Structure formats: structure tokens, C-alpha cells
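See structure below.
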Amino acid sequence: MNHPVLLAAGAAATTQAIAFWVLAIVAVAAALGMVLARRAVHCAVLLALVMLTLAVLYAMQGAPFLAFVQVIVYTGAVLMLFLFVLMIVGVTSADSVVETIRGQRLAAGVAGIGLLVLLSLIIGQAAIGPAATTGPNFGSSNVGGIAALIFTRYVFPFEVTSALLITAALGAMVLAHRERTSPRPTQRDLSIRRVSGGRPAPLPGPGTYARHNAVDMPALLPDGSPARLSVSPVLAGRDESDAVLAGRAEAAAVLAGRAEAAAALAGRAEPGQAIAGAGKAAREEAAAPAGDQAQPPGSESADASDEEERW
Amino acid sequence: MVSPAHYVALSVILFVIGAVGVLVRRNAIVIFMCVELMLNAVNLAFVAFARMHGNLDGQVIAFFVMVVAAAEVVVGLAILTSIFRTRRSASVDDASLLKY
């Protein structure tokens with residue numbers, strides 16, 4: 001009864017069933033997460049997961065060529081394109097939770113359930129048979145079989161596809177191209193703009209502390225307050241309020257042993273004391289915008305007020 | 001043995017999830033991703049039917065669907081970047097100048 005070949009076939013079928021159910025659950029969960037995730041980057045990563053599971057499902061059904069094309073074209077090219085566009089458009093572009101059309105989510109859910117019921121009835125009626133006897137076309141000679149079909153019966157659609165790809169590439173280039181409406185600034189224009197712009201020196205760098213040395217850590221001004229200009233606006237614009245930045249800078253200052261800076265940040269009192277001997281000249285010097293860190297040590301209060309004016 | 005009907009059922013579920021995503025989401029890039037999910041679901045059904053019938057036509061059609069999807073994504077994302085460049089937004093609600 002228990003012939004070895006039959007046993008092996010049964011074991012293979014069991015393995016396939018287990019793989020199918022695991023992959024199906026992963027794919028559906030990732031697809032649901034993609035619809036529900038608020039950040040577009042999370043959606044892209046979850047979509048990559050769905051596409052990889054689909055590639056494995058193709059391979060399980062005797063389509064190794066399509067599995068590889070799925071990984072290379074979809075996960076490799078299309079999703080990377082999505083991620084590049086997300087980087088251009090802004091990683092922070094989370095969806096708003098405001099419904100512009102009232103009851104739209106509810107209506108969409110009802111429509112989705114209706115579509116699910118309709119399609120389920122259709123495939124229930126369709127009498128989908130068991131898999132046909134799998135020949136060599138679904139195994140070792142899959143690529144050759146597809147090539148034979150593409151270059152004989154489907155040769156005209158294949159040529160039309162090439163025209164479509166060229167058109168799409170040209171269209172993307174035309175749509176993404178931006179005409180320069182003003183003449184290109186020369187080096188002279190750039191230097192004039194830099195000097196007349198009020199800040200001839202480069203922007204201050206991020207803070208360097210004993211245990212933290214990241215680009216999102218703000219540098220500390222001489223009075224202990226965080227220098228907003230030292231953090232890139234892209235990072236500062238994420239979900240970081242002033243309070244968060246200040247708190248992190250304070251913690252970093254404590255860690256770095258700059259207790260007096262942290263105390264100044266906490267107290268923020270009597271700034272005039274520190275510059276008792278500095279006099280009016282230092283104030284005037286500091287009123288001119290200059291690098292936040294490279295101030296002479298006596299000009300804290302003037303610099304702080306200057307900072308507050310700008311922000 | 002997992003029959004093709006299982007694969008078609010999975011394809012239906014993924015297609016419906018993608019369709020609901022297109023209806024619910026506001027970010028144009030995410031809507032594009034949901035359309036991609038729908039196309040992939042249809043591809044899965046094509047491959048399952050190819051296995052059911054025992055010939056490779058379904059796989060060839062799935063291959064063509066992939067090519068068309070790639071072209072669609074390229075043009076769509078180029079349109080999105082140009083819209084974002086002029087309107088500073090990727091939300092489908094903001095591109096409503098032709099509405100009234």
C-alpha cells in the first residue's frame with residue numbers, strides 16, 4: 001500500500017499546502033496593513049512583502065520565469081521607483097484622517113464586501129478544476145515554452161509592448177522635465193546672494209556630544225538653548241517639536257557633562273550676569289547675524305534675543 | 001494538493017483589498033500601490049488558470065500585464081511628481097482645479 005513514490009508525493013503535497021497557507025496569510029495580512037498604514041513608506045514596504053510572497057506562489061505553481069520577473073521587475077524596479085518618488089514627494093506625507101466625502105470609508109467598505117461576495121459567487125460557479133497534469137512546461141523548460149509562445153503566437157502583442165515601453169519612457173521624461181525659466185545663476189550671482197543674504201558663514205553643524213553624534217541632535221547655543229538652524233529642516237520637520245528638540249539637547253548636554261549649559265537651559269535666568277563686562281560693543285557685534293556657535297563667549301544674551309527674533 | 005481554486009480565492013481577496021484601498025486612501029502614491037496590488041492579484045489568477053489548463057498562455061498574459069503595469073507606474077509617477085512640483089501636495093483632494 002504505502003509505496004515510497006506515493007509517500008514522497010504525499011509529503012510534497014503537504015509541504016506545498018503548508019507553504020500555500022503560510023504565504024496566503026502573510027500576503028493578506030500585508031495587503032491589509034498596506035491599506036491601513038498611515039505612512040506611505042510603510043505601505044511601500046508592505047507592498048514589497050506582498051509581491052515577494054506572490055513570487056513564491058508563482059514558483060510553486062510551476063512558473064519560475066514569472067517568479068523571477070516578479071522579483072526583478074516589481075520588487076526591484078517598480079517598488080524602488082515608488083520609494084524614490086516618496087523621497088521626492090516627502091517621507092512625511094501621511095494621509096489625513098479627515099473624510100472629505102462624508103461616509104466615504106463606510107461606503108467603500110460596503111462596496112468592498114459587495115465586490116468580495118460577487119467575485120466569490122463567480123468563482124464558486126466557475127467550476128475551477130484541479131491542476132492539469134504538469135508537463136515539462138511547468139518545470140525545467142518553462143522559460144523555453146514561454147519564449148516559444150511569445151515569439152510565435154504572441155509576437156505581435158510583444159512588438160506592441162516595445163512601442164508601449166518606449167512611449168512610456170518618453171512620456172515620463174517629458175512629464176518630469178522642468179524648463180528653466182530663469183538664467184542659470186553664475187558663481188558671481190551665488191556669491192553676491194550669499195553675502196547679501198545676511199548669513200555669509202555656513203550654517204552651524206549638528207551637535208556633537210559624548211554619547212550622541214547624530215544629525216538630528218541640535219547644537220547648543222552658548223546660553224544652552226538648542227540651535228534650530230543646526231538641524232536640517234527635513235529632519236526638524238518630521239514630528240519634532242521645539243520642546244522635543246530642546247529636551248533632547250538638554251539630555252545630551254547632561255550626558256556630555258555640560259551641567260552648566262543644562263542649568264542655563266533649565267533656569268534661563270539672569271542672562272545679563274554673564275556679560276557684565278562685555279558691554280555694548282559685544283551686543284552690537286552679536287546683533288549682526290553670524291554663526292551661532294562661533295560667537296565670542298560674552299554675547300549670550302544678545303545672541304539669544306537675536307535667535308528669538310528670527311524664530 | 002493545493003488546487004487552483006485556492007489560488008483564485010486568494011487572488012480575489014487581494015483584489016478586493018486593493019480595490020478598497022483605492023477607494024479609501026487619499027495619498028495618490030498609495031492609491032497607485034493599491035492599483036499595483038490589484039494587478040498582481042489578477043496575475044496570480046492568470047497563473048493559476050494556466051496551471052489548471054496545462055498550457056502556458058496564462059503565464060504569457062501575466063507577463064504582458066507586468067509590462068503594462070511597469071509602463072503605467074512610470075507615467076503615473078511622473079505625473080505625480082509634476083503635480084507635486086506645482087501644487088506641493090500628493091493628495092488627490094488637492095488636484096481639483098478642473099472640478100467646477
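Every chain in the C-alpha cells has a letter given in the order shown (A, B, ...), and although residue numbers restart at 1 in each chain, ligands are simply numbered from 1 in the order shown.
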
For segment 63-73 of chain A, list every protein, DNA or RNA residue within 7 Å, evaluated using only C-alpha atoms, and leave out those in the same chain fewer than 4 positions away; present the list as a CSV table (one decimal) with C-alpha atoms, in the first residue's frame.
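Below is the file that was written, out_2.csv:
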```
chain,number,residue,atom,x,y,z
A,52,LEU,CA,7.7,38.6,-2.7
A,55,ALA,CA,6.7,35.5,-6.4
A,56,VAL,CA,7.0,32.4,-4.3
A,58,TYR,CA,4.2,31.7,-8.8
A,59,ALA,CA,7.2,29.5,-8.4
A,77,ALA,CA,12.3,48.2,-10.3
A,78,VAL,CA,8.7,49.3,-9.6
A,138,PHE,CA,5.7,23.9,-15.8
A,142,ASN,CA,9.3,26.8,-18.6
A,143,VAL,CA,11.4,29.6,-20.0
B,63,PHE,CA,3.9,38.6,-18.3
```

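For the choices A:Ala219, A:Ala30, A:Ser120, A:Ala147, the atom-to-atom distance to Cys34 of chain B is smallest for A:Ala30 when using only C-alpha atoms.
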
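Omitting segment 67-80 of chain B and its sequence neighbours fewer than 5 positions away, and counting only C-alpha atoms, the residues within 8 Å are Val73, Tyr74, Val78, Leu81, Phe82, Val85, Thr161, Leu164, Leu165, Ala168, Ala169, Gly171, Ala172, Met173, Leu175 and Ala176 of chain A; Ala28, Ile29, Phe32, Glu36, Leu39 and Ala90 of chain B.
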
DSSP on the backbone: which residues in segment 14-182 of chain A end up as helix (DSSP H, G or I)? Give the answer as a short mmCIF file (atom, residue, chain, number, x, y, z; two decimals) with C-alpha atoms, in the first residue's frame.
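Written out: out10.cif:
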```
data_model
loop_
_atom_site.label_atom_id
_atom_site.label_comp_id
_atom_site.auth_asym_id
_atom_site.auth_seq_id
_atom_site.Cartn_x
_atom_site.Cartn_y
_atom_site.Cartn_z
CA THR A 14 1.65 18.50 2.36
CA THR A 15 4.68 20.77 2.12
CA GLN A 16 3.03 22.69 -0.68
CA ALA A 17 -0.19 23.06 1.29
CA ILE A 18 1.67 24.36 4.34
CA ALA A 19 3.65 26.79 2.18
CA PHE A 20 0.48 27.99 0.48
CA TRP A 21 -1.39 28.68 3.70
CA VAL A 22 1.54 30.45 5.34
CA LEU A 23 2.18 32.59 2.28
CA ALA A 24 -1.52 33.33 1.79
CA ILE A 25 -1.91 34.52 5.37
CA VAL A 26 1.24 36.65 5.11
CA ALA A 27 0.09 38.15 1.80
CA VAL A 28 -3.40 39.02 3.01
CA ALA A 29 -2.09 40.45 6.28
CA ALA A 30 0.48 42.56 4.48
CA ALA A 31 -2.11 43.78 1.98
CA LEU A 32 -4.46 44.77 4.80
CA GLY A 33 -1.60 46.52 6.54
CA MET A 34 -0.81 48.35 3.33
CA VAL A 35 -4.34 49.72 3.15
CA LEU A 36 -4.37 50.63 6.84
CA ALA A 40 3.34 55.91 2.59
CA VAL A 41 6.76 54.35 3.23
CA HIS A 42 5.21 51.64 5.38
CA CYS A 43 2.73 50.99 2.57
CA ALA A 44 5.60 50.55 0.11
CA VAL A 45 7.46 48.10 2.34
CA LEU A 46 4.32 46.05 2.96
CA LEU A 47 3.60 46.01 -0.77
CA ALA A 48 7.11 44.65 -1.33
CA LEU A 49 6.29 41.85 1.11
CA VAL A 50 3.08 41.03 -0.79
CA MET A 51 4.96 40.94 -4.08
CA LEU A 52 7.66 38.64 -2.72
CA THR A 53 5.08 36.20 -1.40
CA LEU A 54 3.35 36.30 -4.77
CA ALA A 55 6.66 35.47 -6.44
CA VAL A 56 6.96 32.36 -4.27
CA LEU A 57 3.37 31.44 -5.11
CA TYR A 58 4.20 31.71 -8.83
CA ALA A 59 7.19 29.45 -8.37
CA MET A 60 5.03 26.93 -6.53
CA PRO A 64 9.71 30.07 -12.29
CA PHE A 65 10.16 32.61 -15.08
CA LEU A 66 7.30 34.76 -13.79
CA ALA A 67 8.60 34.39 -10.25
CA PHE A 68 11.95 35.84 -11.24
CA VAL A 69 10.34 38.58 -13.33
CA GLN A 70 8.14 39.41 -10.37
CA VAL A 71 11.14 39.82 -8.08
CA ILE A 72 13.26 41.73 -10.59
CA VAL A 73 10.64 43.95 -12.20
CA TYR A 74 8.17 44.53 -9.39
CA THR A 75 10.20 44.34 -6.21
CA GLY A 76 13.38 45.55 -7.82
CA ALA A 77 12.27 48.23 -10.26
CA VAL A 78 8.70 49.33 -9.64
CA LEU A 79 8.91 49.49 -5.87
CA MET A 80 12.27 51.23 -5.96
CA LEU A 81 10.65 53.80 -8.26
CA PHE A 82 7.87 54.19 -5.72
CA LEU A 83 10.39 54.71 -2.96
CA PHE A 84 12.34 57.27 -4.98
CA VAL A 85 9.17 59.24 -5.69
CA LEU A 86 8.28 59.02 -2.00
CA MET A 87 11.66 60.51 -1.14
CA ILE A 88 10.99 63.37 -3.57
CA VAL A 89 7.41 63.98 -2.53
CA GLN A 104 -16.83 57.50 2.25
CA ARG A 105 -14.99 54.88 4.30
CA LEU A 106 -18.22 53.16 5.21
CA ALA A 107 -19.38 53.21 1.60
CA ALA A 108 -16.01 51.88 0.46
CA GLY A 109 -16.19 49.07 2.99
CA VAL A 110 -19.70 48.14 1.89
CA ALA A 111 -18.61 48.26 -1.75
CA GLY A 112 -15.61 46.07 -0.94
CA ILE A 113 -17.77 43.48 0.81
CA GLY A 114 -20.17 43.54 -2.14
CA LEU A 115 -17.31 43.04 -4.57
CA LEU A 116 -15.96 40.18 -2.45
CA VAL A 117 -19.36 38.46 -2.39
CA LEU A 118 -19.83 38.95 -6.12
CA LEU A 119 -16.41 37.57 -7.05
CA SER A 120 -16.77 34.68 -4.60
CA LEU A 121 -20.09 33.73 -6.20
CA ILE A 122 -18.49 33.92 -9.63
CA ILE A 123 -15.56 31.67 -8.77
CA GLY A 124 -17.94 29.39 -6.91
CA GLN A 125 -19.97 28.99 -10.09
CA PRO A 136 7.81 19.91 -18.62
CA ASN A 137 6.35 23.33 -19.48
CA PHE A 138 5.74 23.87 -15.79
CA ASN A 142 9.26 26.81 -18.56
CA VAL A 143 11.40 29.62 -19.96
CA GLY A 144 11.72 27.90 -23.31
CA GLY A 145 7.99 27.30 -23.51
CA ILE A 146 7.16 30.93 -22.75
CA ALA A 147 9.74 32.10 -25.29
CA ALA A 148 8.24 29.83 -27.94
CA LEU A 149 4.78 31.28 -27.26
CA ILE A 150 5.94 34.91 -27.16
CA VAL A 155 4.73 38.07 -31.44
CA PHE A 156 2.51 41.00 -32.44
CA PRO A 157 1.48 41.92 -28.87
CA PHE A 158 5.13 41.59 -27.93
CA GLU A 159 6.16 44.16 -30.56
CA VAL A 160 3.33 46.47 -29.47
CA THR A 161 4.71 46.13 -25.95
CA SER A 162 8.05 47.51 -27.07
CA ALA A 163 6.28 50.53 -28.59
CA LEU A 164 4.40 50.97 -25.32
CA LEU A 165 7.60 50.91 -23.28
CA ILE A 166 9.29 53.49 -25.50
CA THR A 167 6.22 55.71 -25.32
CA ALA A 168 6.12 55.39 -21.54
CA ALA A 169 9.81 56.26 -21.19
CA LEU A 170 9.40 59.31 -23.43
CA GLY A 171 6.26 60.36 -21.61
CA ALA A 172 7.94 60.10 -18.23
CA MET A 173 10.85 62.18 -19.46
CA VAL A 174 8.53 64.85 -20.86
CA LEU A 175 6.33 64.95 -17.76
CA ALA A 176 9.19 65.02 -15.28
#
```

Kindly determine which residues of chain B lie within 6 Å of chain A, considering only C-alpha atoms, and give the answer as a PDB file with N, CA and C atoms, in the first residue's frame.
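Final output, iface03.pdb:
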```pdb
ATOM      1  N   MET B   1      -2.953  18.356  -1.992  1.00  0.00           N
ATOM      2  CA  MET B   1      -2.554  19.226  -3.111  1.00  0.00           C
ATOM      3  C   MET B   1      -3.408  20.491  -3.093  1.00  0.00           C
ATOM      4  N   VAL B   2      -2.743  21.611  -3.252  1.00  0.00           N
ATOM      5  CA  VAL B   2      -3.471  22.880  -3.291  1.00  0.00           C
ATOM      6  C   VAL B   2      -4.012  23.062  -4.700  1.00  0.00           C
ATOM      7  N   SER B   3      -5.323  23.159  -4.813  1.00  0.00           N
ATOM      8  CA  SER B   3      -5.919  23.242  -6.140  1.00  0.00           C
ATOM      9  C   SER B   3      -5.856  24.683  -6.646  1.00  0.00           C
ATOM     10  N   ALA B   5      -8.216  26.458  -7.388  1.00  0.00           N
ATOM     11  CA  ALA B   5      -9.295  27.247  -6.787  1.00  0.00           C
ATOM     12  C   ALA B   5      -8.798  28.022  -5.568  1.00  0.00           C
ATOM     13  N   VAL B  16      -9.846  42.500  -3.856  1.00  0.00           N
ATOM     14  CA  VAL B  16     -10.824  43.304  -3.114  1.00  0.00           C
ATOM     15  C   VAL B  16     -10.114  44.253  -2.150  1.00  0.00           C
ATOM     16  N   VAL B  20     -10.589  48.297  -2.231  1.00  0.00           N
ATOM     17  CA  VAL B  20     -10.990  49.103  -1.071  1.00  0.00           C
ATOM     18  C   VAL B  20      -9.926  50.158  -0.777  1.00  0.00           C
ATOM     19  N   GLY B  21      -8.663  49.786  -0.938  1.00  0.00           N
ATOM     20  CA  GLY B  21      -7.596  50.759  -0.720  1.00  0.00           C
ATOM     21  C   GLY B  21      -7.692  51.924  -1.683  1.00  0.00           C
ATOM     22  N   LEU B  23     -10.356  53.073  -2.979  1.00  0.00           N
ATOM     23  CA  LEU B  23     -11.491  53.919  -2.609  1.00  0.00           C
ATOM     24  C   LEU B  23     -11.231  54.705  -1.334  1.00  0.00           C
ATOM     25  N   VAL B  24     -10.445  54.148  -0.421  1.00  0.00           N
ATOM     26  CA  VAL B  24     -10.330  54.755   0.901  1.00  0.00           C
ATOM     27  C   VAL B  24      -9.194  55.767   0.975  1.00  0.00           C
ATOM     28  N   ASN B  27      -3.798  59.607  -0.433  1.00  0.00           N
ATOM     29  CA  ASN B  27      -2.482  59.878  -1.000  1.00  0.00           C
ATOM     30  C   ASN B  27      -2.384  59.202  -2.365  1.00  0.00           C
ATOM     31  N   ARG B  51      -2.076  26.898 -14.915  1.00  0.00           N
ATOM     32  CA  ARG B  51      -1.784  25.570 -14.374  1.00  0.00           C
ATOM     33  C   ARG B  51      -2.991  24.658 -14.506  1.00  0.00           C
ATOM     34  N   MET B  52      -4.189  25.237 -14.351  1.00  0.00           N
ATOM     35  CA  MET B  52      -5.384  24.416 -14.456  1.00  0.00           C
ATOM     36  C   MET B  52      -5.550  23.868 -15.864  1.00  0.00           C
ATOM     37  N   HIS B  53      -5.274  24.691 -16.869  1.00  0.00           N
ATOM     38  CA  HIS B  53      -5.462  24.245 -18.248  1.00  0.00           C
ATOM     39  C   HIS B  53      -4.258  23.509 -18.787  1.00  0.00           C
ATOM     40  N   GLY B  54      -3.123  23.596 -18.106  1.00  0.00           N
ATOM     41  CA  GLY B  54      -1.961  22.852 -18.555  1.00  0.00           C
ATOM     42  C   GLY B  54      -1.242  23.464 -19.732  1.00  0.00           C
ATOM     43  N   ALA B  71       4.900  50.165 -17.275  1.00  0.00           N
ATOM     44  CA  ALA B  71       4.753  51.403 -18.045  1.00  0.00           C
ATOM     45  C   ALA B  71       3.786  52.359 -17.355  1.00  0.00           C
ATOM     46  N   VAL B  75       4.657  56.312 -15.993  1.00  0.00           N
ATOM     47  CA  VAL B  75       3.954  57.530 -16.412  1.00  0.00           C
ATOM     48  C   VAL B  75       3.195  58.137 -15.228  1.00  0.00           C
ATOM     49  N   ALA B  78       5.490  59.945 -12.890  1.00  0.00           N
ATOM     50  CA  ALA B  78       5.963  61.207 -13.480  1.00  0.00           C
ATOM     51  C   ALA B  78       4.888  62.282 -13.365  1.00  0.00           C
ATOM     52  N   SER B  82       5.139  65.867 -11.228  1.00  0.00           N
ATOM     53  CA  SER B  82       4.888  67.194 -11.795  1.00  0.00           C
ATOM     54  C   SER B  82       3.755  67.882 -11.051  1.00  0.00           C
TER      55      SER B  82
END
```

Original post:
Which polymer residues have any atom within 7 Å of an atom of Gln59 of chain B, counting only C-alpha atoms, with same-chain residues fewer than 5 positions away left out, as a ChimeraX atom specification?
Top reply: /B:46-47,50

Given the selection you just returned, output its residues as a file containing N, CA and C atoms, formatted as a PDB file, in the first residue's frame.
```pdb
ATOM      1  N   PHE B  46      -4.252  34.509 -13.256  1.00  0.00           N
ATOM      2  CA  PHE B  46      -3.806  34.046 -14.579  1.00  0.00           C
ATOM      3  C   PHE B  46      -2.896  32.835 -14.456  1.00  0.00           C
ATOM      4  N   VAL B  47      -1.956  32.906 -13.521  1.00  0.00           N
ATOM      5  CA  VAL B  47      -1.018  31.792 -13.372  1.00  0.00           C
ATOM      6  C   VAL B  47      -1.757  30.539 -12.905  1.00  0.00           C
ATOM      7  N   ALA B  50      -3.517  29.087 -15.828  1.00  0.00           N
ATOM      8  CA  ALA B  50      -2.569  28.434 -16.734  1.00  0.00           C
ATOM      9  C   ALA B  50      -2.250  27.031 -16.234  1.00  0.00           C
TER      10      ALA B  50
END
```

Subject >> Contact residues around Val92 of chain B with only C-alpha atoms at 9 Å, ignoring same-chain residues under 3 positions, as a VMD selection string >> reply: chain B and resid 25 to 28 89 95 to 96

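The interatomic distance for the pair atom CA of Asp93 of chain B and atom CA of Val65 of chain B works out to 29.0 Å.
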